[in-house]
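To keep things clear, I will list the structure first and then write my remarks on it.
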Number of protein chains: 2
Amino acid sequence: MSAIDDAFHGLRQIIASGELTPGQQFPSEAQLCDRLQVSRGSLREAVRMLGALGVIESRHGSGTYVSALEPEDIIGALALTVDLMPLEGLLEMYELRRVLEAHATSQAASRMTDAAAAKLGATLDALEATMDNDEASELDARFHEAICELAQNATLTVLLRVFRSRSRSYQLFGIPAGHEIKRQSDLSHREILNALVQHDPATAAAAAAAHVIQTERWLREHRPVARLRSAAAG
Amino acid sequence: MSAIDDAFHGLRQIIASGELTPGQQFPSEAQLCDRLQVSRGSLREAVRMLGALGVIESRHGSGTYVSALEPEDIIGALALTVDLMPLEGLLEMYELRRVLEAHATSQAASRMTDAAAAKLGATLDALEATMDNDEASELDARFHEAICELAQNATLTVLLRVFRSRSRSYQLFGIPAGHEIKRQSDLSHREILNALVQHDPATAAAAAAAHVIQTERWLREHRPVARLRSAAAG
DNA sequence: AACTAGCAAGTCATCAGATAACTTCTCCAG
DNA sequence: CTGGAGAAGTTATCTGATGACTTGCTAGTT
């Protein structure tokens with residue numbers, strides 16, 4: 001086993017064994033080097049690996065800590081990698097997105113409140129009114145995000161956010177057929193909101209699934225080139 | 001922006017821009033250091049980060065390459081981290097597992113073949129016959145894995161495998177109530193298989209969801225201590 | 001011509017040491 | 001009681017050297 005593997009599994013074991021719990025601080029790099037019998041370089045590479053995976057966190061001048069280890073930390077690690085996947089592999093993910101988005105919307109229908117309905121309605125009003133692509137993309141995301149929050153499952157919310165962020169990079173509203181796409185998208189959103197307001201989980205799930213399928217078909221047909229977000233986005 | 005961030009986003013950009021595609025080799029460390037204007041140490045830490053995320057791969061003595069970037073590579077990165085999550089956060093993931101397992105089983109019902117039915121039946125025969133916990137756990141996993149493969153979605157298969165591996169670490173069959181748990185689990189499996197054989201997606205999905213809910217309830221009630229797998233398992 | 005052993009170049013892996021930058025706490029002056 | 005200077009501890013970064021592994025070439029043999 002290589003030195004970096006030793007360090008990686010050693011650090012992982014410290015957490016897995018319960019020696020350190022979420023939020024607690026690791027010993028200093030020098031002490032960890034002694035304990036794990038690796039050089040500082042190898043240790044730091046292992047720390048970075050676990051950092052990239054959302055498991056630990058280094059703070060310059062302060063120390064290295066176990067992350068909160070909440071689903072958000074773990075799933076969030078995918079955010080920077082999903083953007084790199086070729087479209088082909090991504091379409092497979094859409095099947096999952098459809099299923100999960102349907103579930104989230106179904107849950108939201110069960111837990112719908114008047115306040116939430118008003119907020120969602122206002123978002124759709126603004127979305128239908130705007131002609132700006134970036135603003136439309138932003139409002140679209142906010143609409144779906146708000147629905148996810150009603151489902152009260154942070155893992156679900158984060159996972160769908162990752163999927164959605166990739167879709168947004170394709171800027172479907174900006175392509176030649178964008179106007180017609182947006183019109184149909186607006187209709188789909190209204191169908192979803194109607195089902196939510198009527199506390200109808202089954203219809204809400206169906207509407208959400210149909211909406212995702214719609215988006216997926218547009219991506220397949222038009223295959224627009226992704227507009228990569230700035231590297232600083234992460 | 002820190003040196004490691006520069007290196008990380010620089011490497012990421014090389015892939016995102018299409019300069020290198022899956023399977024291709026990066027320039028040597030020295031060349032990358034020149035190009036990205038960071039020291040070798042910083043570069044290597046960035047490489048490790050992307051390696052941990054399943055995006056790139058270093059081969060000793062050969063070079064550094066872009067991974068296949070298939071869903072399996074990206075999702076697989078979660079395997080080593082989900083094991084570290086506290087049970088509380090994990091139970092939230094079970095809601096997703098239920099939804100996805102139901103979907104996979106539903107898809108499998110649509111695509112069921114006689115050969116697959118025979119194979120699944122044989123697996124269940126062996127599972128019901130064995131009294132060995134490890135073997136039972138192994139056969140249980142094989143049963144669900146085979147169903148996933150019928151759904152023909154690699155992302156789904158890998159994601160559910162990650163969830164399942166964590167469940168396995170709890171060794172539910174080994175606790176005092178394990179005998180009764182296994183009996184009910186066996187019954188659930190038969191219900192799932194029956195629905196699959198009858199090409200009945202709706203019933204199959206319901207049976208799968210019920211099976212996951214059952215497992216989730218056992219975990220909540222018994223809260224067994226996880227038996228951590230050896231560090232070398234990764 | 002085909003095959004094999006061994007050499008050579010290129011690559012990543014690992015270590016050690018030094019310096020810079022940042023955070024946190026302490027303590028003293030106001 | 002407050003604010004700032006300073007010390008101590010930590011991570012961030014760079015540099016140079018050596019080890020280990022892979023790959024391709026070459027020369028010799030069959």
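Ligands are numbered from 1 in the order shown, residues from 1 within each chain, and chains are lettered A, B, ... in the order they appear in the structure tokens.
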Worksheet entry | Counting only C-alpha atoms, chain B residues within 7 Å of chain A, as an MDAnalysis selection string | chainID B and resid 9 15:16 45 48:49 52:53 55 69:71 74 81 84:85 89 92:93 153 155 231
Discussion item. Show me, as an MDAnalysis selection string, every residue of chain B with an atom at most 9 Å from chain C, counting only C-alpha atoms (C1' of nucleotides).
Written reply: chainID B and resid 28:29 58:64
At most 9 Å to chain A: residues in chain D, only C-alpha atoms (C1' of nucleotides), as a short mmCIF file (atom, residue, chain, number, x, y, z; two decimals) with C-alpha atoms (C1' of nucleotides), in the first residue's frame:
```cif
data_model
loop_
_atom_site.label_atom_id
_atom_site.label_comp_id
_atom_site.auth_asym_id
_atom_site.auth_seq_id
_atom_site.Cartn_x
_atom_site.Cartn_y
_atom_site.Cartn_z
"C1'" DG D 9 0.63 27.41 16.57
"C1'" DT D 10 -1.26 26.08 12.25
"C1'" DT D 11 -1.72 25.43 7.30
"C1'" DA D 12 0.12 27.05 2.47
#
```
Practice prompt. Name all residues at most 8 Å from A:Val212 (count only C-alpha atoms (C1' of nucleotides); drop same-chain ones fewer than 2 positions away) and give them as a list of chain:residue names.
Written response: A:Tyr94, A:Arg97, A:Arg98, A:Glu101, A:Ala208, A:Ala209, A:Ala210, A:Gln214, A:Thr215, A:Glu216
Any chance you could lay chain A over chain B, fitting all C-alpha atoms in order by least squares, and write the moved chain as a PDB file with C-alpha atoms, in the first residue's frame?
```pdb
ATOM      1  CA  MET A   1      -7.124  32.428  -5.115  1.00  0.00           C
ATOM      2  CA  SER A   2      -4.707  29.928  -3.625  1.00  0.00           C
ATOM      3  CA  ALA A   3      -2.155  27.974  -5.615  1.00  0.00           C
ATOM      4  CA  ILE A   4      -4.050  24.734  -5.169  1.00  0.00           C
ATOM      5  CA  ASP A   5      -7.263  26.374  -6.330  1.00  0.00           C
ATOM      6  CA  ASP A   6      -5.418  27.626  -9.389  1.00  0.00           C
ATOM      7  CA  ALA A   7      -4.187  24.134 -10.129  1.00  0.00           C
ATOM      8  CA  PHE A   8      -7.544  22.511  -9.418  1.00  0.00           C
ATOM      9  CA  HIS A   9      -9.549  24.832 -11.613  1.00  0.00           C
ATOM     10  CA  GLY A  10      -6.831  24.824 -14.253  1.00  0.00           C
ATOM     11  CA  LEU A  11      -6.949  21.066 -14.551  1.00  0.00           C
ATOM     12  CA  ARG A  12     -10.718  21.096 -14.468  1.00  0.00           C
ATOM     13  CA  GLN A  13     -10.789  23.688 -17.204  1.00  0.00           C
ATOM     14  CA  ILE A  14      -8.590  21.541 -19.416  1.00  0.00           C
ATOM     15  CA  ILE A  15     -11.306  18.910 -19.332  1.00  0.00           C
ATOM     16  CA  ALA A  16     -14.280  21.275 -19.381  1.00  0.00           C
ATOM     17  CA  SER A  17     -12.947  23.119 -22.408  1.00  0.00           C
ATOM     18  CA  GLY A  18     -12.633  19.878 -24.322  1.00  0.00           C
ATOM     19  CA  GLU A  19      -8.868  20.181 -24.667  1.00  0.00           C
ATOM     20  CA  LEU A  20      -8.627  16.672 -23.242  1.00  0.00           C
ATOM     21  CA  THR A  21     -11.345  14.067 -23.569  1.00  0.00           C
ATOM     22  CA  PRO A  22     -12.004  10.911 -21.529  1.00  0.00           C
ATOM     23  CA  GLY A  23      -9.047   8.538 -21.581  1.00  0.00           C
ATOM     24  CA  GLN A  24      -6.501  11.060 -22.840  1.00  0.00           C
ATOM     25  CA  GLN A  25      -3.217  11.756 -21.069  1.00  0.00           C
ATOM     26  CA  PHE A  26      -2.278  14.994 -19.349  1.00  0.00           C
ATOM     27  CA  PRO A  27       1.126  16.606 -19.869  1.00  0.00           C
ATOM     28  CA  SER A  28       3.735  15.600 -17.289  1.00  0.00           C
ATOM     29  CA  GLU A  29       3.701  17.129 -13.840  1.00  0.00           C
ATOM     30  CA  ALA A  30       6.621  19.388 -14.706  1.00  0.00           C
ATOM     31  CA  GLN A  31       4.874  20.750 -17.787  1.00  0.00           C
ATOM     32  CA  LEU A  32       1.630  21.301 -15.889  1.00  0.00           C
ATOM     33  CA  CYS A  33       3.544  23.164 -13.186  1.00  0.00           C
ATOM     34  CA  ASP A  34       4.945  25.498 -15.820  1.00  0.00           C
ATOM     35  CA  ARG A  35       1.581  26.019 -17.430  1.00  0.00           C
ATOM     36  CA  LEU A  36      -0.431  26.537 -14.259  1.00  0.00           C
ATOM     37  CA  GLN A  37       2.314  28.409 -12.442  1.00  0.00           C
ATOM     38  CA  VAL A  38       2.280  26.355  -9.272  1.00  0.00           C
ATOM     39  CA  SER A  39       4.806  24.142  -7.536  1.00  0.00           C
ATOM     40  CA  ARG A  40       4.780  20.409  -7.958  1.00  0.00           C
ATOM     41  CA  GLY A  41       3.400  19.888  -4.472  1.00  0.00           C
ATOM     42  CA  SER A  42       0.408  22.109  -5.083  1.00  0.00           C
ATOM     43  CA  LEU A  43      -0.222  20.542  -8.475  1.00  0.00           C
ATOM     44  CA  ARG A  44      -0.162  17.060  -7.037  1.00  0.00           C
ATOM     45  CA  GLU A  45      -2.641  18.020  -4.321  1.00  0.00           C
ATOM     46  CA  ALA A  46      -5.005  19.301  -6.982  1.00  0.00           C
ATOM     47  CA  VAL A  47      -4.527  16.135  -9.012  1.00  0.00           C
ATOM     48  CA  ARG A  48      -5.386  14.083  -5.956  1.00  0.00           C
ATOM     49  CA  MET A  49      -8.558  16.078  -5.414  1.00  0.00           C
ATOM     50  CA  LEU A  50      -9.801  15.406  -8.912  1.00  0.00           C
ATOM     51  CA  GLY A  51      -8.657  11.834  -8.531  1.00  0.00           C
ATOM     52  CA  ALA A  52     -10.750  11.385  -5.405  1.00  0.00           C
ATOM     53  CA  LEU A  53     -13.725  12.769  -7.297  1.00  0.00           C
ATOM     54  CA  GLY A  54     -13.250  10.182 -10.028  1.00  0.00           C
ATOM     55  CA  VAL A  55     -12.412  12.704 -12.719  1.00  0.00           C
ATOM     56  CA  ILE A  56      -8.762  11.905 -13.362  1.00  0.00           C
ATOM     57  CA  GLU A  57      -6.457   9.019 -12.666  1.00  0.00           C
ATOM     58  CA  SER A  58      -2.701   8.896 -12.025  1.00  0.00           C
ATOM     59  CA  ARG A  59      -0.711   5.810 -12.970  1.00  0.00           C
ATOM     60  CA  HIS A  60       2.692   5.439 -11.379  1.00  0.00           C
ATOM     61  CA  GLY A  61       5.411   5.527 -13.996  1.00  0.00           C
ATOM     62  CA  SER A  62       2.996   6.092 -16.850  1.00  0.00           C
ATOM     63  CA  GLY A  63       1.144   9.373 -16.575  1.00  0.00           C
ATOM     64  CA  THR A  64      -2.048  11.129 -15.549  1.00  0.00           C
ATOM     65  CA  TYR A  65      -5.220  10.566 -17.540  1.00  0.00           C
ATOM     66  CA  VAL A  66      -8.771  11.830 -17.800  1.00  0.00           C
ATOM     67  CA  SER A  67     -11.117   9.161 -16.498  1.00  0.00           C
ATOM     68  CA  ALA A  68     -13.918   7.724 -18.616  1.00  0.00           C
ATOM     69  CA  LEU A  69     -16.167  10.296 -16.932  1.00  0.00           C
ATOM     70  CA  GLU A  70     -18.996   7.813 -16.883  1.00  0.00           C
ATOM     71  CA  PRO A  71     -21.654   8.027 -14.198  1.00  0.00           C
ATOM     72  CA  GLU A  72     -20.026   5.102 -12.471  1.00  0.00           C
ATOM     73  CA  ASP A  73     -16.790   7.018 -11.996  1.00  0.00           C
ATOM     74  CA  ILE A  74     -18.530  10.034 -10.540  1.00  0.00           C
ATOM     75  CA  ILE A  75     -21.026   8.300  -8.288  1.00  0.00           C
ATOM     76  CA  GLY A  76     -18.463   5.738  -7.206  1.00  0.00           C
ATOM     77  CA  ALA A  77     -16.555   8.516  -5.474  1.00  0.00           C
ATOM     78  CA  LEU A  78     -19.309   8.558  -2.884  1.00  0.00           C
ATOM     79  CA  ALA A  79     -18.722   4.964  -1.861  1.00  0.00           C
ATOM     80  CA  LEU A  80     -15.969   5.740   0.632  1.00  0.00           C
ATOM     81  CA  THR A  81     -17.753   8.699   2.171  1.00  0.00           C
ATOM     82  CA  VAL A  82     -21.270   7.422   2.704  1.00  0.00           C
ATOM     83  CA  ASP A  83     -19.854   4.931   5.166  1.00  0.00           C
ATOM     84  CA  LEU A  84     -18.734   7.827   7.334  1.00  0.00           C
ATOM     85  CA  MET A  85     -22.090   9.515   7.648  1.00  0.00           C
ATOM     86  CA  PRO A  86     -23.840   9.279  11.006  1.00  0.00           C
ATOM     87  CA  LEU A  87     -26.937   7.099  11.007  1.00  0.00           C
ATOM     88  CA  GLU A  88     -29.159  10.129  11.428  1.00  0.00           C
ATOM     89  CA  GLY A  89     -28.117  11.692   8.155  1.00  0.00           C
ATOM     90  CA  LEU A  90     -28.243   8.335   6.480  1.00  0.00           C
ATOM     91  CA  LEU A  91     -31.900   7.737   7.216  1.00  0.00           C
ATOM     92  CA  GLU A  92     -32.645  10.720   5.036  1.00  0.00           C
ATOM     93  CA  MET A  93     -30.921   8.934   2.216  1.00  0.00           C
ATOM     94  CA  TYR A  94     -33.228   5.995   2.703  1.00  0.00           C
ATOM     95  CA  GLU A  95     -36.138   7.985   1.407  1.00  0.00           C
ATOM     96  CA  LEU A  96     -34.231   8.323  -1.834  1.00  0.00           C
ATOM     97  CA  ARG A  97     -33.202   4.716  -1.802  1.00  0.00           C
ATOM     98  CA  ARG A  98     -36.823   3.692  -1.495  1.00  0.00           C
ATOM     99  CA  VAL A  99     -37.860   5.809  -4.443  1.00  0.00           C
ATOM    100  CA  LEU A 100     -34.973   4.666  -6.624  1.00  0.00           C
ATOM    101  CA  GLU A 101     -35.223   1.016  -5.685  1.00  0.00           C
ATOM    102  CA  ALA A 102     -38.920   1.133  -6.514  1.00  0.00           C
ATOM    103  CA  HIS A 103     -38.142   2.673  -9.867  1.00  0.00           C
ATOM    104  CA  ALA A 104     -35.439   0.137 -10.665  1.00  0.00           C
ATOM    105  CA  THR A 105     -37.725  -2.731  -9.786  1.00  0.00           C
ATOM    106  CA  SER A 106     -40.507  -1.247 -11.845  1.00  0.00           C
ATOM    107  CA  GLN A 107     -38.224  -0.986 -14.845  1.00  0.00           C
ATOM    108  CA  ALA A 108     -37.017  -4.523 -14.277  1.00  0.00           C
ATOM    109  CA  ALA A 109     -40.580  -5.796 -14.363  1.00  0.00           C
ATOM    110  CA  SER A 110     -41.009  -4.314 -17.809  1.00  0.00           C
ATOM    111  CA  ARG A 111     -37.851  -5.913 -19.099  1.00  0.00           C
ATOM    112  CA  MET A 112     -38.062  -9.273 -17.367  1.00  0.00           C
ATOM    113  CA  THR A 113     -36.904 -12.376 -19.213  1.00  0.00           C
ATOM    114  CA  ASP A 114     -37.255 -16.048 -18.401  1.00  0.00           C
ATOM    115  CA  ALA A 115     -33.506 -16.387 -17.988  1.00  0.00           C
ATOM    116  CA  ALA A 116     -33.387 -13.521 -15.528  1.00  0.00           C
ATOM    117  CA  ALA A 117     -36.315 -14.965 -13.607  1.00  0.00           C
ATOM    118  CA  ALA A 118     -34.556 -18.290 -13.270  1.00  0.00           C
ATOM    119  CA  LYS A 119     -31.388 -16.625 -12.041  1.00  0.00           C
ATOM    120  CA  LEU A 120     -33.235 -14.492  -9.505  1.00  0.00           C
ATOM    121  CA  GLY A 121     -35.198 -17.517  -8.331  1.00  0.00           C
ATOM    122  CA  ALA A 122     -32.023 -19.497  -7.790  1.00  0.00           C
ATOM    123  CA  THR A 123     -30.502 -16.637  -5.788  1.00  0.00           C
ATOM    124  CA  LEU A 124     -33.570 -16.511  -3.540  1.00  0.00           C
ATOM    125  CA  ASP A 125     -33.533 -20.287  -3.080  1.00  0.00           C
ATOM    126  CA  ALA A 126     -29.951 -20.086  -1.868  1.00  0.00           C
ATOM    127  CA  LEU A 127     -30.699 -17.051   0.284  1.00  0.00           C
ATOM    128  CA  GLU A 128     -33.606 -18.763   2.013  1.00  0.00           C
ATOM    129  CA  ALA A 129     -31.557 -21.906   2.587  1.00  0.00           C
ATOM    130  CA  THR A 130     -28.455 -20.387   4.140  1.00  0.00           C
ATOM    131  CA  MET A 131     -27.984 -19.754   7.827  1.00  0.00           C
ATOM    132  CA  ASP A 132     -24.690 -17.914   7.425  1.00  0.00           C
ATOM    133  CA  ASN A 133     -24.986 -14.166   7.903  1.00  0.00           C
ATOM    134  CA  ASP A 134     -22.217 -13.175   5.546  1.00  0.00           C
ATOM    135  CA  GLU A 135     -23.489 -15.461   2.826  1.00  0.00           C
ATOM    136  CA  ALA A 136     -27.034 -14.206   3.326  1.00  0.00           C
ATOM    137  CA  SER A 137     -25.836 -10.625   3.078  1.00  0.00           C
ATOM    138  CA  GLU A 138     -23.950 -11.490  -0.074  1.00  0.00           C
ATOM    139  CA  LEU A 139     -26.928 -13.201  -1.725  1.00  0.00           C
ATOM    140  CA  ASP A 140     -29.266 -10.404  -0.679  1.00  0.00           C
ATOM    141  CA  ALA A 141     -26.999  -7.902  -2.395  1.00  0.00           C
ATOM    142  CA  ARG A 142     -26.748 -10.083  -5.492  1.00  0.00           C
ATOM    143  CA  PHE A 143     -30.520 -10.299  -5.760  1.00  0.00           C
ATOM    144  CA  HIS A 144     -31.001  -6.544  -5.702  1.00  0.00           C
ATOM    145  CA  GLU A 145     -27.995  -5.980  -7.924  1.00  0.00           C
ATOM    146  CA  ALA A 146     -29.407  -8.297 -10.565  1.00  0.00           C
ATOM    147  CA  ILE A 147     -32.684  -6.408 -10.532  1.00  0.00           C
ATOM    148  CA  CYS A 148     -30.838  -3.123 -10.995  1.00  0.00           C
ATOM    149  CA  GLU A 149     -29.017  -4.472 -13.993  1.00  0.00           C
ATOM    150  CA  LEU A 150     -32.342  -5.259 -15.625  1.00  0.00           C
ATOM    151  CA  ALA A 151     -33.252  -1.597 -15.295  1.00  0.00           C
ATOM    152  CA  GLN A 152     -30.346  -0.828 -17.628  1.00  0.00           C
ATOM    153  CA  ASN A 153     -29.231   2.387 -15.996  1.00  0.00           C
ATOM    154  CA  ALA A 154     -25.640   2.308 -14.784  1.00  0.00           C
ATOM    155  CA  THR A 155     -26.025   5.443 -12.684  1.00  0.00           C
ATOM    156  CA  LEU A 156     -28.965   3.933 -10.886  1.00  0.00           C
ATOM    157  CA  THR A 157     -27.126   0.670 -10.352  1.00  0.00           C
ATOM    158  CA  VAL A 158     -24.078   2.338  -8.868  1.00  0.00           C
ATOM    159  CA  LEU A 159     -26.019   4.742  -6.691  1.00  0.00           C
ATOM    160  CA  LEU A 160     -28.110   1.982  -5.173  1.00  0.00           C
ATOM    161  CA  ARG A 161     -25.020  -0.138  -4.689  1.00  0.00           C
ATOM    162  CA  VAL A 162     -23.549   2.651  -2.571  1.00  0.00           C
ATOM    163  CA  PHE A 163     -26.685   2.869  -0.444  1.00  0.00           C
ATOM    164  CA  ARG A 164     -26.849  -0.884  -0.081  1.00  0.00           C
ATOM    165  CA  SER A 165     -23.210  -1.246   0.939  1.00  0.00           C
ATOM    166  CA  ARG A 166     -23.838   0.996   3.891  1.00  0.00           C
ATOM    167  CA  SER A 167     -26.861  -1.008   4.944  1.00  0.00           C
ATOM    168  CA  ARG A 168     -24.861  -4.198   4.732  1.00  0.00           C
ATOM    169  CA  SER A 169     -22.322  -2.856   7.197  1.00  0.00           C
ATOM    170  CA  TYR A 170     -24.997  -2.945   9.863  1.00  0.00           C
ATOM    171  CA  GLN A 171     -25.336  -6.707   9.602  1.00  0.00           C
ATOM    172  CA  LEU A 172     -29.012  -6.734  10.478  1.00  0.00           C
ATOM    173  CA  PHE A 173     -29.136 -10.504  10.152  1.00  0.00           C
ATOM    174  CA  GLY A 174     -26.611 -10.844  12.935  1.00  0.00           C
ATOM    175  CA  ILE A 175     -28.488  -9.046  15.713  1.00  0.00           C
ATOM    176  CA  PRO A 176     -30.690 -10.918  18.209  1.00  0.00           C
ATOM    177  CA  ALA A 177     -33.848 -10.255  16.186  1.00  0.00           C
ATOM    178  CA  GLY A 178     -31.991 -11.249  13.026  1.00  0.00           C
ATOM    179  CA  HIS A 179     -33.799 -14.523  12.533  1.00  0.00           C
ATOM    180  CA  GLU A 180     -37.228 -12.925  12.392  1.00  0.00           C
ATOM    181  CA  ILE A 181     -35.880 -10.087  10.256  1.00  0.00           C
ATOM    182  CA  LYS A 182     -34.472 -12.517   7.751  1.00  0.00           C
ATOM    183  CA  ARG A 183     -37.758 -14.431   7.588  1.00  0.00           C
ATOM    184  CA  GLN A 184     -39.710 -11.294   6.743  1.00  0.00           C
ATOM    185  CA  SER A 185     -36.989 -10.193   4.357  1.00  0.00           C
ATOM    186  CA  ASP A 186     -37.261 -13.500   2.525  1.00  0.00           C
ATOM    187  CA  LEU A 187     -41.012 -13.004   2.160  1.00  0.00           C
ATOM    188  CA  SER A 188     -40.495  -9.520   0.745  1.00  0.00           C
ATOM    189  CA  HIS A 189     -38.040 -10.834  -1.808  1.00  0.00           C
ATOM    190  CA  ARG A 190     -40.531 -13.418  -2.992  1.00  0.00           C
ATOM    191  CA  GLU A 191     -43.190 -10.757  -3.404  1.00  0.00           C
ATOM    192  CA  ILE A 192     -40.820  -8.703  -5.511  1.00  0.00           C
ATOM    193  CA  LEU A 193     -39.880 -11.673  -7.672  1.00  0.00           C
ATOM    194  CA  ASN A 194     -43.510 -12.645  -8.168  1.00  0.00           C
ATOM    195  CA  ALA A 195     -44.342  -9.181  -9.435  1.00  0.00           C
ATOM    196  CA  LEU A 196     -41.320  -9.234 -11.713  1.00  0.00           C
ATOM    197  CA  VAL A 197     -42.245 -12.593 -13.201  1.00  0.00           C
ATOM    198  CA  GLN A 198     -45.744 -11.335 -13.864  1.00  0.00           C
ATOM    199  CA  HIS A 199     -44.373  -8.272 -15.654  1.00  0.00           C
ATOM    200  CA  ASP A 200     -46.270  -6.080 -13.221  1.00  0.00           C
ATOM    201  CA  PRO A 201     -44.289  -2.832 -12.764  1.00  0.00           C
ATOM    202  CA  ALA A 202     -46.699  -1.193 -10.342  1.00  0.00           C
ATOM    203  CA  THR A 203     -46.813  -4.121  -7.955  1.00  0.00           C
ATOM    204  CA  ALA A 204     -43.080  -4.628  -8.280  1.00  0.00           C
ATOM    205  CA  ALA A 205     -42.422  -1.002  -7.372  1.00  0.00           C
ATOM    206  CA  ALA A 206     -44.726  -1.225  -4.379  1.00  0.00           C
ATOM    207  CA  ALA A 207     -43.098  -4.422  -3.168  1.00  0.00           C
ATOM    208  CA  ALA A 208     -39.633  -2.924  -3.520  1.00  0.00           C
ATOM    209  CA  ALA A 209     -40.635   0.233  -1.666  1.00  0.00           C
ATOM    210  CA  ALA A 210     -42.165  -1.817   1.106  1.00  0.00           C
ATOM    211  CA  HIS A 211     -38.976  -3.838   1.360  1.00  0.00           C
ATOM    212  CA  VAL A 212     -36.838  -0.738   1.787  1.00  0.00           C
ATOM    213  CA  ILE A 213     -39.251   0.737   4.326  1.00  0.00           C
ATOM    214  CA  GLN A 214     -39.032  -2.497   6.235  1.00  0.00           C
ATOM    215  CA  THR A 215     -35.243  -2.315   6.322  1.00  0.00           C
ATOM    216  CA  GLU A 216     -35.349   1.323   7.327  1.00  0.00           C
ATOM    217  CA  ARG A 217     -37.664   0.572  10.220  1.00  0.00           C
ATOM    218  CA  TRP A 218     -35.380  -2.194  11.445  1.00  0.00           C
ATOM    219  CA  LEU A 219     -32.454   0.178  11.389  1.00  0.00           C
ATOM    220  CA  ARG A 220     -34.391   2.821  13.286  1.00  0.00           C
ATOM    221  CA  GLU A 221     -35.633   0.402  15.897  1.00  0.00           C
ATOM    222  CA  HIS A 222     -32.494  -1.592  16.518  1.00  0.00           C
ATOM    223  CA  ARG A 223     -29.807   0.960  15.669  1.00  0.00           C
ATOM    224  CA  PRO A 224     -27.141  -1.708  15.473  1.00  0.00           C
ATOM    225  CA  VAL A 225     -23.518  -0.632  15.527  1.00  0.00           C
ATOM    226  CA  ALA A 226     -21.977  -0.601  12.092  1.00  0.00           C
ATOM    227  CA  ARG A 227     -19.267  -3.146  11.466  1.00  0.00           C
ATOM    228  CA  LEU A 228     -16.809  -1.124   9.462  1.00  0.00           C
ATOM    229  CA  ARG A 229     -15.337  -2.863   6.507  1.00  0.00           C
ATOM    230  CA  SER A 230     -11.597  -3.063   6.184  1.00  0.00           C
ATOM    231  CA  ALA A 231      -9.907   0.052   4.906  1.00  0.00           C
ATOM    232  CA  ALA A 232      -8.614  -1.919   1.950  1.00  0.00           C
ATOM    233  CA  ALA A 233     -12.155  -2.327   0.660  1.00  0.00           C
ATOM    234  CA  GLY A 234     -11.813   0.853  -1.353  1.00  0.00           C
TER     235      GLY A 234
END
```
Practice prompt. Select from stretch 38-175 of chain B everything DSSP, run on the backbone, classes as strand (DSSP E or B), then give the selection as a list in words.
Written response: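 Put together, the selection reads Ile56, Glu57, Ser58, Arg59, Gly63, Thr64, Tyr65 and Val66 of chain B.
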